[in-house]
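File shown: upload26.tsv (TSV, C-alpha atoms).
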chain	number	residue	atom	x	y	z
A	1011	MET	CA	1.71	-45.23	-2.83
A	1012	ASN	CA	4.40	-42.60	-3.15
A	1013	PRO	CA	3.72	-39.31	-5.04
A	1014	LEU	CA	6.14	-40.11	-7.88
A	1015	THR	CA	4.35	-43.37	-8.68
A	1016	THR	CA	0.99	-41.57	-8.55
A	1017	LEU	CA	2.30	-38.95	-10.97
A	1018	LYS	CA	3.59	-41.63	-13.37
A	1019	LEU	CA	0.24	-43.42	-13.35
A	1020	ALA	CA	-1.60	-40.13	-13.95
A	1021	LEU	CA	0.66	-39.20	-16.88
A	1022	ARG	CA	0.30	-42.66	-18.38
A	1023	ALA	CA	-3.49	-42.48	-18.13
A	1024	LEU	CA	-3.57	-39.03	-19.73
A	1025	TRP	CA	-1.23	-40.11	-22.50
A	1026	ARG	CA	-3.53	-43.02	-23.41
A	1027	SER	CA	-6.22	-40.41	-24.24
A	1028	LYS	CA	-4.05	-37.76	-25.81
A	1029	VAL	CA	-6.73	-36.10	-27.93
A	1030	ARG	CA	-9.24	-35.96	-25.10
A	1031	SER	CA	-6.61	-34.62	-22.71
A	1032	ALA	CA	-5.60	-31.91	-25.20
A	1033	LEU	CA	-9.21	-30.88	-25.78
A	1034	THR	CA	-9.79	-30.78	-22.02
A	1035	MET	CA	-6.82	-28.44	-21.57
A	1036	LEU	CA	-8.09	-26.00	-24.20
A	1037	GLY	CA	-10.57	-24.44	-21.80
A	1038	ILE	CA	-7.79	-23.75	-19.30
A	1039	VAL	CA	-5.40	-22.58	-22.05
A	1040	PHE	CA	-7.81	-20.06	-23.52
A	1041	GLY	CA	-9.07	-19.00	-20.10
A	1042	ILE	CA	-5.61	-18.12	-18.78
A	1043	GLY	CA	-4.50	-16.70	-22.12
A	1044	ALA	CA	-7.57	-14.47	-22.20
A	1045	VAL	CA	-7.03	-13.26	-18.62
A	1046	ILE	CA	-3.39	-12.34	-19.29
A	1047	ALA	CA	-4.16	-10.76	-22.66
A	1048	MET	CA	-7.01	-8.66	-21.29
A	1049	VAL	CA	-4.97	-7.41	-18.34
A	1050	ALA	CA	-2.02	-6.67	-20.67
A	1051	PHE	CA	-4.33	-4.80	-23.05
A	1052	GLY	CA	-5.73	-2.83	-20.14
A	1053	GLN	CA	-2.27	-1.90	-18.88
A	1054	GLY	CA	-1.18	-0.92	-22.38
A	1055	ALA	CA	-4.27	1.22	-22.92
A	1056	ARG	CA	-3.85	2.92	-19.53
A	1057	ALA	CA	-0.20	3.62	-20.30
A	1058	ALA	CA	-1.17	5.09	-23.68
A	1059	VAL	CA	-3.71	7.36	-21.99
A	1060	ARG	CA	-1.10	8.40	-19.40
A	1061	ASP	CA	1.28	9.28	-22.24
A	1062	VAL	CA	-1.42	11.38	-23.88
A	1063	PHE	CA	-2.10	13.01	-20.53
A	1064	ALA	CA	1.59	13.82	-20.14
A	1065	ASN	CA	1.84	15.18	-23.69
A	1066	LEU	CA	-1.15	17.47	-23.17
A	1067	GLY	CA	0.05	18.68	-19.81
A	1068	THR	CA	-1.79	18.59	-16.52
A	1069	ASN	CA	-2.22	22.35	-16.26
A	1070	THR	CA	-3.26	23.37	-19.76
A	1071	LEU	CA	-6.44	24.68	-21.35
A	1072	VAL	CA	-7.34	25.12	-25.02
A	1073	LEU	CA	-9.26	28.20	-26.16
A	1074	SER	CA	-10.90	28.35	-29.58
A	1075	SER	CA	-13.82	29.88	-31.41
A	1076	ALA	CA	-17.16	28.12	-30.94
A	1077	SER	CA	-17.37	26.15	-34.19
A	1078	GLY	CA	-20.83	25.75	-35.57
A	1079	ARG	CA	-22.38	28.51	-33.43
A	1080	SER	CA	-23.44	31.90	-34.70
A	1081	THR	CA	-21.25	34.64	-33.29
A	1082	MET	CA	-23.22	37.07	-31.18
A	1083	GLY	CA	-20.89	40.02	-30.90
A	1084	PRO	CA	-18.99	42.36	-33.20
A	1085	SER	CA	-16.62	39.56	-34.15
A	1086	ALA	CA	-19.22	38.10	-36.53
A	1087	GLY	CA	-19.24	38.84	-40.22
A	1088	ALA	CA	-15.94	38.98	-42.07
A	1089	SER	CA	-14.42	36.56	-39.61
A	1090	GLY	CA	-16.15	33.66	-41.32
A	1091	GLY	CA	-17.13	32.14	-37.99
A	1092	ALA	CA	-13.96	32.94	-36.01
A	1093	SER	CA	-14.55	34.96	-32.87
A	1094	ILE	CA	-11.19	35.14	-31.07
A	1095	THR	CA	-9.15	38.15	-32.16
A	1096	TRP	CA	-5.43	38.64	-31.70
A	1097	GLU	CA	-6.28	41.45	-29.28
A	1098	ASP	CA	-8.24	38.86	-27.27
A	1099	VAL	CA	-5.13	36.69	-27.20
A	1100	THR	CA	-3.08	39.55	-25.80
A	1101	ALA	CA	-5.77	40.36	-23.22
A	1102	VAL	CA	-5.98	36.73	-22.05
A	1103	ALA	CA	-2.20	36.54	-21.69
A	1104	THR	CA	-1.86	39.81	-19.75
A	1105	GLU	CA	-5.09	40.26	-17.78
A	1106	VAL	CA	-5.73	36.80	-16.29
A	1107	SER	CA	-3.50	36.46	-13.24
A	1108	THR	CA	-3.60	32.65	-13.08
A	1109	ILE	CA	-2.17	32.23	-16.57
A	1110	GLN	CA	1.56	31.65	-16.93
A	1111	MET	CA	2.03	31.26	-20.69
A	1112	VAL	CA	-0.02	31.22	-23.88
A	1113	ALA	CA	0.81	29.88	-27.33
A	1114	PRO	CA	-1.30	30.40	-30.47
A	1115	ILE	CA	-1.68	27.32	-32.66
A	1116	LEU	CA	-2.47	27.74	-36.35
A	1117	GLU	CA	-2.58	24.45	-38.19
A	1118	THR	CA	-3.02	23.01	-41.65
A	1119	ARG	CA	-3.42	19.26	-42.24
A	1120	GLY	CA	-2.40	17.29	-45.32
A	1121	THR	CA	0.13	19.79	-46.62
A	1122	GLN	CA	2.62	18.51	-49.18
A	1123	VAL	CA	6.22	19.01	-48.13
A	1124	VAL	CA	9.11	18.37	-50.50
A	1125	SER	CA	12.77	17.70	-49.82
A	1126	GLU	CA	15.51	17.18	-52.36
A	1127	ASN	CA	14.75	13.48	-52.78
A	1128	ALA	CA	11.27	12.86	-51.34
A	1129	ASP	CA	7.86	14.35	-50.61
A	1130	TRP	CA	5.38	13.78	-47.78
A	1131	ASN	CA	1.92	14.99	-46.75
A	1132	THR	CA	1.89	16.19	-43.17
A	1133	GLY	CA	0.51	18.79	-40.77
A	1134	VAL	CA	2.09	22.23	-40.49
A	1135	VAL	CA	1.76	24.22	-37.28
A	1136	GLY	CA	2.43	27.93	-36.89
A	1137	THR	CA	3.24	28.95	-33.34
A	1138	ASN	CA	5.79	30.66	-31.11
A	1139	ALA	CA	8.63	29.48	-28.88
A	1140	THR	CA	6.31	29.23	-25.86
A	1141	TRP	CA	4.50	26.27	-27.47
A	1142	PHE	CA	7.56	24.07	-27.02
A	1143	ARG	CA	7.82	24.98	-23.34
A	1144	ILE	CA	4.14	24.38	-22.61
A	1145	ARG	CA	4.23	20.96	-24.23
A	1146	ALA	CA	7.68	20.20	-22.74
A	1147	TRP	CA	8.84	19.14	-26.18
A	1148	ASP	CA	12.57	19.20	-26.77
A	1149	THR	CA	14.68	18.19	-29.74
A	1150	ILE	CA	16.89	15.17	-30.30
A	1151	GLU	CA	18.87	17.10	-32.87
A	1152	GLY	CA	19.27	20.82	-33.46
A	1153	THR	CA	17.16	23.36	-31.59
A	1154	THR	CA	13.71	24.97	-31.42
A	1155	PHE	CA	12.77	28.62	-31.92
A	1156	ASP	CA	13.92	31.37	-29.62
A	1157	GLU	CA	11.41	34.08	-28.65
A	1158	ASP	CA	12.31	36.42	-31.53
A	1159	THR	CA	12.31	33.70	-34.19
A	1160	GLY	CA	9.00	32.28	-33.00
A	1161	MET	CA	7.19	35.57	-33.56
A	1162	SER	CA	8.95	36.36	-36.84
A	1163	ASN	CA	8.44	35.43	-40.48
A	1164	ALA	CA	11.75	33.57	-40.63
A	1165	LYS	CA	11.64	30.60	-42.97
A	1166	VAL	CA	12.85	28.00	-40.52
A	1167	ALA	CA	11.20	24.77	-39.38
A	1168	VAL	CA	11.36	22.20	-36.62
A	1169	ILE	CA	10.16	18.80	-37.79
A	1170	GLY	CA	8.86	15.65	-36.10
A	1171	LYS	CA	10.67	12.34	-36.22
A	1172	THR	CA	8.19	10.82	-38.71
A	1173	VAL	CA	8.73	13.68	-41.17
A	1174	ALA	CA	12.48	13.41	-40.72
A	1175	THR	CA	12.35	9.69	-41.51
A	1176	GLN	CA	10.15	10.16	-44.59
A	1177	LEU	CA	12.09	13.06	-46.10
A	1178	PHE	CA	15.64	12.32	-44.97
A	1179	ALA	CA	15.92	8.57	-44.50
A	1180	ASN	CA	19.71	8.36	-44.54
A	1181	ALA	CA	20.88	11.83	-43.60
A	1182	SER	CA	20.64	14.40	-40.84
A	1183	PRO	CA	17.81	16.86	-41.61
A	1184	VAL	CA	19.32	19.76	-39.63
A	1185	GLY	CA	20.63	22.43	-41.97
A	1186	GLN	CA	18.84	21.01	-44.99
A	1187	SER	CA	15.99	22.66	-46.86
A	1188	ILE	CA	12.37	21.65	-47.48
A	1189	ARG	CA	9.65	23.34	-49.51
A	1190	ILE	CA	6.20	24.05	-48.04
A	1191	ASN	CA	3.75	25.52	-50.55
A	1192	ASN	CA	6.74	26.06	-52.84
A	1193	GLN	CA	8.47	28.18	-50.18
A	1194	PRO	CA	11.90	27.05	-48.90
A	1195	TYR	CA	12.39	26.52	-45.15
A	1196	GLU	CA	15.61	25.59	-43.38
A	1197	ILE	CA	15.32	22.79	-40.81
A	1198	ILE	CA	16.84	23.82	-37.49
A	1199	GLY	CA	15.74	20.88	-35.30
A	1200	VAL	CA	14.14	17.43	-35.03
A	1201	LEU	CA	11.69	16.89	-32.17
A	1202	THR	CA	11.95	14.11	-29.62
A	1203	PRO	CA	9.56	11.29	-30.62
A	1204	LYS	CA	6.27	11.27	-28.71
A	1205	GLY	CA	4.38	8.49	-30.49
A	1206	GLN	CA	0.65	8.27	-31.00
A	1207	GLY	CA	-1.87	10.77	-29.62
A	1208	PRO	CA	-5.62	11.47	-29.85
A	1209	ARG	CA	-5.18	12.88	-33.36
A	1210	GLY	CA	-2.78	10.27	-34.66
A	1211	ASP	CA	1.00	10.41	-34.95
A	1212	ASN	CA	2.38	13.26	-32.82
A	1213	ASP	CA	5.68	13.03	-34.71
A	1214	ASP	CA	4.10	13.63	-38.12
A	1215	THR	CA	4.29	17.42	-37.91
A	1216	ILE	CA	6.27	20.51	-38.91
A	1217	ILE	CA	6.49	23.62	-36.74
A	1218	ILE	CA	7.19	27.02	-38.32
A	1219	PRO	CA	7.17	30.56	-36.84
A	1220	LEU	CA	3.78	32.20	-36.33
A	1221	LYS	CA	4.17	35.11	-38.76
A	1222	ALA	CA	5.69	32.89	-41.42
A	1223	TYR	CA	2.60	30.72	-41.21
A	1224	GLN	CA	0.26	33.72	-41.39
A	1225	GLN	CA	2.00	35.17	-44.42
A	1226	LYS	CA	2.55	31.99	-46.41
A	1227	LEU	CA	-0.18	29.52	-45.42
A	1228	GLU	CA	-3.12	31.52	-44.07
A	1229	LYS	CA	-5.75	33.01	-46.33
A	1230	PRO	CA	-5.54	36.78	-46.73
A	1231	GLY	CA	-8.10	39.09	-45.14
A	1232	VAL	CA	-8.37	37.32	-41.78
A	1233	ALA	CA	-5.45	38.93	-39.99
A	1234	LYS	CA	-7.71	40.30	-37.22
A	1235	TYR	CA	-8.87	36.87	-36.09
A	1236	MET	CA	-6.99	33.90	-34.72
A	1237	ARG	CA	-8.23	31.07	-36.89
A	1238	GLY	CA	-6.86	28.36	-34.68
A	1239	GLN	CA	-6.47	27.61	-30.99
A	1240	LEU	CA	-4.79	29.20	-28.02
A	1241	LEU	CA	-2.89	26.86	-25.72
A	1242	ILE	CA	-2.98	28.20	-22.16
A	1243	ALA	CA	-0.64	27.09	-19.37
A	1244	MET	CA	-1.71	27.91	-15.84
A	1245	LYS	CA	0.59	28.67	-12.95
A	1246	GLU	CA	-0.88	25.92	-10.77
A	1247	GLU	CA	-2.84	22.76	-11.61
A	1248	HIS	CA	-5.59	23.54	-9.08
A	1249	GLN	CA	-6.42	26.81	-10.84
A	1250	VAL	CA	-8.39	25.19	-13.68
A	1251	GLU	CA	-11.89	26.31	-12.68
A	1252	GLN	CA	-10.67	29.73	-11.60
A	1253	THR	CA	-8.88	30.27	-14.91
A	1254	ILE	CA	-11.84	29.12	-16.98
A	1255	SER	CA	-14.10	31.48	-15.06
A	1256	LYS	CA	-11.77	34.46	-15.50
A	1257	VAL	CA	-11.16	33.84	-19.22
A	1258	THR	CA	-14.88	33.39	-19.81
A	1259	ALA	CA	-15.75	36.63	-18.03
A	1260	LEU	CA	-13.01	38.52	-19.88
A	1261	LEU	CA	-14.01	37.32	-23.35
A	1262	ARG	CA	-17.75	37.78	-22.78
A	1263	ASP	CA	-17.04	41.36	-21.74
A	1264	ARG	CA	-14.76	41.99	-24.71
A	1265	HIS	CA	-17.29	40.45	-27.14
A	1266	LYS	CA	-20.18	42.45	-25.66
A	1267	LEU	CA	-22.28	39.35	-24.95
A	1268	ASP	CA	-25.50	39.70	-22.97
A	1269	SER	CA	-26.49	37.26	-20.25
A	1270	ALA	CA	-28.88	35.55	-22.70
A	1271	ASP	CA	-26.16	35.06	-25.34
A	1272	GLU	CA	-24.19	31.87	-25.61
A	1273	ASP	CA	-20.41	31.98	-25.50
A	1274	ASP	CA	-18.93	32.51	-28.95
A	1275	PHE	CA	-15.80	30.70	-27.85
A	1276	ARG	CA	-14.96	27.35	-26.31
A	1277	ILE	CA	-12.58	26.44	-23.49
A	1278	ARG	CA	-11.56	22.79	-23.18
A	1279	ASN	CA	-9.62	21.06	-20.45
A	1280	PRO	CA	-7.56	18.25	-22.07
A	1281	ALA	CA	-6.81	16.78	-18.66
A	1282	GLU	CA	-10.51	16.09	-18.06
A	1283	PHE	CA	-10.78	14.37	-21.43
A	1284	ALA	CA	-7.72	12.25	-20.69
A	1285	LYS	CA	-9.01	11.32	-17.23
A	1286	ALA	CA	-12.44	10.39	-18.61
A	1287	GLN	CA	-10.77	8.26	-21.27
A	1288	GLN	CA	-8.60	6.60	-18.62
A	1289	ASP	CA	-11.61	5.85	-16.41
A	1290	SER	CA	-13.45	4.38	-19.38
A	1291	THR	CA	-10.43	2.27	-20.31
A	1292	GLU	CA	-10.13	0.93	-16.76
A	1293	ARG	CA	-13.81	-0.05	-16.67
A	1294	ILE	CA	-13.56	-1.84	-20.01
A	1295	SER	CA	-10.36	-3.59	-18.93
A	1296	THR	CA	-11.97	-4.77	-15.70
A	1297	LEU	CA	-15.01	-6.04	-17.59
A	1298	LEU	CA	-12.85	-7.93	-20.08
A	1299	ALA	CA	-10.79	-9.46	-17.27
A	1300	ILE	CA	-14.01	-10.64	-15.60
A	1301	VAL	CA	-15.22	-12.20	-18.85
A	1302	ALA	CA	-11.84	-13.90	-19.25
A	1303	ALA	CA	-12.03	-15.20	-15.67
A	1304	VAL	CA	-15.46	-16.67	-16.41
A	1305	SER	CA	-13.96	-18.49	-19.39
A	1306	LEU	CA	-11.36	-19.95	-17.00
A	1307	LEU	CA	-14.19	-21.15	-14.74
A	1308	ILE	CA	-15.87	-22.77	-17.73
A	1309	GLY	CA	-12.56	-24.48	-18.52
A	1310	GLY	CA	-12.57	-25.90	-14.99
A	1311	ILE	CA	-16.06	-27.27	-15.48
A	1312	GLY	CA	-14.79	-28.92	-18.65
A	1313	VAL	CA	-12.02	-30.60	-16.65
A	1314	MET	CA	-14.59	-31.93	-14.17
A	1315	ASN	CA	-16.83	-33.28	-16.92
A	1316	ILE	CA	-13.99	-35.09	-18.65
A	1317	MET	CA	-12.72	-36.53	-15.39
A	1318	LEU	CA	-16.21	-37.83	-14.59
A	1319	VAL	CA	-16.33	-39.49	-17.99
A	1320	SER	CA	-12.88	-40.94	-17.32
A	1321	VAL	CA	-14.06	-42.38	-14.00
A	1322	ILE	CA	-16.99	-44.09	-15.72
A	1323	GLU	CA	-14.81	-45.44	-18.55
A	1324	ARG	CA	-12.18	-46.74	-16.14
A	1325	THR	CA	-14.52	-48.28	-13.59
A	1326	ARG	CA	-13.20	-51.80	-14.22
A	1327	GLU	CA	-9.59	-50.55	-14.01
A	1328	ILE	CA	-10.39	-48.93	-10.66
A	1329	GLY	CA	-11.92	-52.19	-9.42
A	1330	ILE	CA	-8.82	-54.17	-10.41
A	1331	ARG	CA	-6.53	-51.71	-8.65
A	1332	MET	CA	-8.57	-51.81	-5.50
A	1333	ALA	CA	-8.78	-55.63	-5.66
A	1334	VAL	CA	-4.98	-55.94	-5.71
A	1335	GLY	CA	-4.55	-53.71	-2.68
A	1336	ALA	CA	-4.92	-50.04	-3.77
A	1337	LYS	CA	-6.52	-47.93	-1.08
A	1338	PRO	CA	-9.40	-45.52	-1.80
A	1339	THR	CA	-7.03	-42.62	-1.06
A	1340	ASP	CA	-4.60	-43.96	-3.71
A	1341	VAL	CA	-7.37	-44.00	-6.32
A	1342	MET	CA	-8.56	-40.54	-5.28
A	1343	MET	CA	-5.03	-39.13	-5.46
A	1344	GLN	CA	-4.48	-40.58	-8.94
A	1345	PHE	CA	-7.55	-38.88	-10.38
A	1346	LEU	CA	-6.82	-35.69	-8.48
A	1347	VAL	CA	-3.27	-35.61	-9.85
A	1348	GLU	CA	-4.59	-36.20	-13.38
A	1349	ALA	CA	-6.87	-33.18	-13.05
A	1350	LEU	CA	-4.03	-31.13	-11.58
A	1351	VAL	CA	-1.66	-32.12	-14.40
A	1352	LEU	CA	-4.26	-31.16	-16.99
A	1353	ALA	CA	-4.78	-27.77	-15.32
A	1354	ALA	CA	-1.04	-27.12	-14.86
A	1355	ALA	CA	-0.19	-28.04	-18.46
A	1356	GLY	CA	-3.07	-25.92	-19.68
A	1357	GLY	CA	-1.86	-23.12	-17.42
A	1358	LEU	CA	1.65	-23.16	-18.92
A	1359	LEU	CA	0.27	-23.15	-22.46
A	1360	GLY	CA	-2.12	-20.38	-21.43
A	1361	LEU	CA	0.80	-18.27	-20.17
A	1362	ALA	CA	2.51	-18.69	-23.54
A	1363	LEU	CA	-0.69	-17.82	-25.39
A	1364	GLY	CA	-1.22	-14.77	-23.17
A	1365	TYR	CA	2.32	-13.55	-23.81
A	1366	VAL	CA	1.90	-13.90	-27.59
A	1367	ALA	CA	-1.45	-12.08	-27.43
A	1368	ALA	CA	0.05	-9.26	-25.32
A	1369	TRP	CA	2.97	-8.93	-27.77
A	1370	TRP	CA	0.61	-8.86	-30.75
A	1371	GLY	CA	-1.68	-6.30	-29.10
A	1372	ALA	CA	1.24	-4.01	-28.32
A	1373	GLY	CA	2.33	-4.06	-31.95
A	1374	PHE	CA	-1.19	-3.71	-33.37
A	1375	PHE	CA	-2.30	-0.83	-31.15
A	1376	GLY	CA	1.09	0.87	-31.00
A	1377	TRP	CA	1.56	0.89	-27.23
A	1378	LYS	CA	4.22	-0.50	-24.92
A	1379	MET	CA	4.49	-4.24	-24.38
A	1380	PHE	CA	3.18	-5.29	-20.97
A	1381	PHE	CA	3.27	-8.80	-19.55
A	1382	PRO	CA	1.48	-8.76	-16.17
A	1383	ALA	CA	3.75	-11.10	-14.22
A	1384	THR	CA	1.70	-10.86	-11.04
A	1385	THR	CA	-1.52	-11.58	-12.89
A	1386	ALA	CA	0.19	-14.44	-14.73
A	1387	GLY	CA	1.29	-15.98	-11.43
A	1388	ILE	CA	-2.17	-15.59	-9.94
A	1389	ALA	CA	-3.80	-17.02	-13.08
A	1390	PHE	CA	-1.48	-20.02	-13.03
A	1391	GLY	CA	-2.24	-20.55	-9.36
A	1392	VAL	CA	-5.94	-20.29	-10.10
A	1393	ALA	CA	-5.53	-22.87	-12.86
A	1394	GLY	CA	-4.01	-25.27	-10.34
A	1395	GLY	CA	-6.84	-24.49	-7.93
A	1396	VAL	CA	-9.35	-25.12	-10.69
A	1397	GLY	CA	-7.76	-28.52	-11.29
A	1398	VAL	CA	-7.99	-29.42	-7.60
A	1399	VAL	CA	-11.50	-28.07	-7.04
A	1400	PHE	CA	-13.09	-29.46	-10.18
A	1401	GLY	CA	-11.09	-32.68	-10.06
A	1402	LEU	CA	-11.96	-33.38	-6.44
A	1403	TYR	CA	-15.52	-34.62	-7.04
A	1404	PRO	CA	-14.56	-37.12	-9.78
A	1405	ALA	CA	-11.62	-38.28	-7.64
A	1406	VAL	CA	-13.82	-38.82	-4.57
A	1407	ARG	CA	-16.40	-40.61	-6.70
A	1408	ALA	CA	-13.73	-42.93	-8.08
A	1409	SER	CA	-12.41	-43.70	-4.59
A	1410	GLN	CA	-15.87	-44.64	-3.34
A	1411	LEU	CA	-16.55	-47.28	-5.98
A	1412	ASP	CA	-17.22	-50.77	-4.63
A	1413	PRO	CA	-14.44	-53.07	-5.90
A	1414	ILE	CA	-16.81	-56.01	-6.56
A	1415	THR	CA	-19.25	-53.82	-8.50
A	1416	ALA	CA	-16.38	-52.19	-10.39
A	1417	LEU	CA	-14.95	-55.58	-11.43
A	1418	ARG	CA	-18.31	-56.58	-12.87
A	1419	TYR	CA	-18.56	-53.34	-14.89
A	1420	GLU	CA	-18.42	-53.85	-18.66
A	1421	THR	CA	-17.27	-50.98	-20.90
Would you encode the structure as structure tokens?
Amino acid sequence: MNPLTTLKLALRALWRSKVRSALTMLGIVFGIGAVIAMVAFGQGARAAVRDVFANLGTNTLVLSSASGRSTMGPSAGASGGASITWEDVTAVATEVSTIQMVAPILETRGTQVVSENADWNTGVVGTNATWFRIRAWDTIEGTTFDEDTGMSNAKVAVIGKTVATQLFANASPVGQSIRINNQPYEIIGVLTPKGQGPRGDNDDTIIIPLKAYQQKLEKPGVAKYMRGQLLIAMKEEHQVEQTISKVTALLRDRHKLDSADEDDFRIRNPAEFAKAQQDSTERISTLLAIVAAVSLLIGGIGVMNIMLVSVIERTREIGIRMAVGAKPTDVMMQFLVEALVLAAAGGLLGLALGYVAAWWGAGFFGWKMFFPATTAGIAFGVAGGVGVVFGLYPAVRASQLDPITALRYET
């Protein structure tokens, strides 16, 4: 019997039991769809972590006061818990040889900002021009601060794309005015969009000069202390441990801390956090892919079960075919092709389901759309293999039926 005839017979047999055939395919459909979706989710999550890693920088550290700990040195008291002074900032920038640049970050969240036609609650950051260089953050329109402006009390602002969209939906923001705490600021630039980060929308922010922030947004009486964070850029990526050690020794000496005293400051390495998050994401993605692969295996078992039922139901049909001259190999090939068709059709539907799930996940989680073509090809191949492997036993069983016994079988 030629292959085309075998295929026609298989399709005709499957079409006679449309509902059962569709239900049989569901295991394959959801198995392949789950594999593709889980791999796509994993790739999207890894890409999101890589973007965060790139935004933070691979050679940066963050210095801040040790929140929640009692300060042990002379910085306690009027500081209200802050321990890093502006003199400390200068000392860190000038006395640690492995440091290339530093940028203070003073920040207020949920500040109401008003334009001529709209208002928006956002975060306001006070910093200097170095901050833009450390974060490698340029503008799509206008410009950022120069060195003099960044350290001044000039009422100028650089805004993120989200703020620009909310306050100036149909106009260019550059050159226009906004009010922050009832103080007017001229917009000189719009930052390049960076998307989501660990703290939410990176583009939902306004950057103003450091002294302008201190004078207009910071509470009075705390001018001695830096009530924020210090972003540190090292000269080389491999100098992380060396820099942490040097900054720690410098600040402990400046704060007059004894060996028994805990640090009254905290140094964090964002790169380590990003790497740990990436490792965790990869493990979870691998686990989910394994679970999805198991569901594909279960779908294959479902194909085998249904094909066995089909063999039993069609015993008399098999006997008639063999009585009129069909060879055992012809019968075996028919049932094998039926299983393969079920798996292939389920595989195609699974690819479509996986694509839709990957597209939905990208939109829901806010990361790039990934469709793992290689994984999809492998999954489809596996689906065909599942059809062959799990359809082989029912096919062999059908081919080994005794024609006389089969003809006597009553359904």
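Between atom CA of A:Val1301 and atom CA of A:Gly1054 lies a distance of 18.4 Å.
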Check: When you draw a straight line from atom CA of A:Gly1312 to atom CA of A:Ile1330, how long is it in Å?
Finding: 27.2 Å
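Comparing the minimum interatomic distances between A:Leu1116 and each of A:Thr1339, A:Gln1410, A:Asn1192, A:Gln1224, counting only C-alpha atoms, we find that A:Gln1224 sits nearest.
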Item checked: Selected residue of minimal separation from A:Asp1273 among A:Ala1076, A:Asn1138, A:Tyr1403, A:Met1342, counting all atoms listed in the file -> A:Ala1076
Check: What gap, in Å, lies between atom CA of A:Ile1190 and atom CA of A:Met1236?
Finding: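 That distance, rounded to one decimal, is 21.2 Å.
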Margin query: Considering only C-alpha atoms, can you say which of A:Trp1130, A:Trp1096, A:Phe1390, A:Phe1380 comes closest to A:Leu1358?
Written below: A:Phe1390
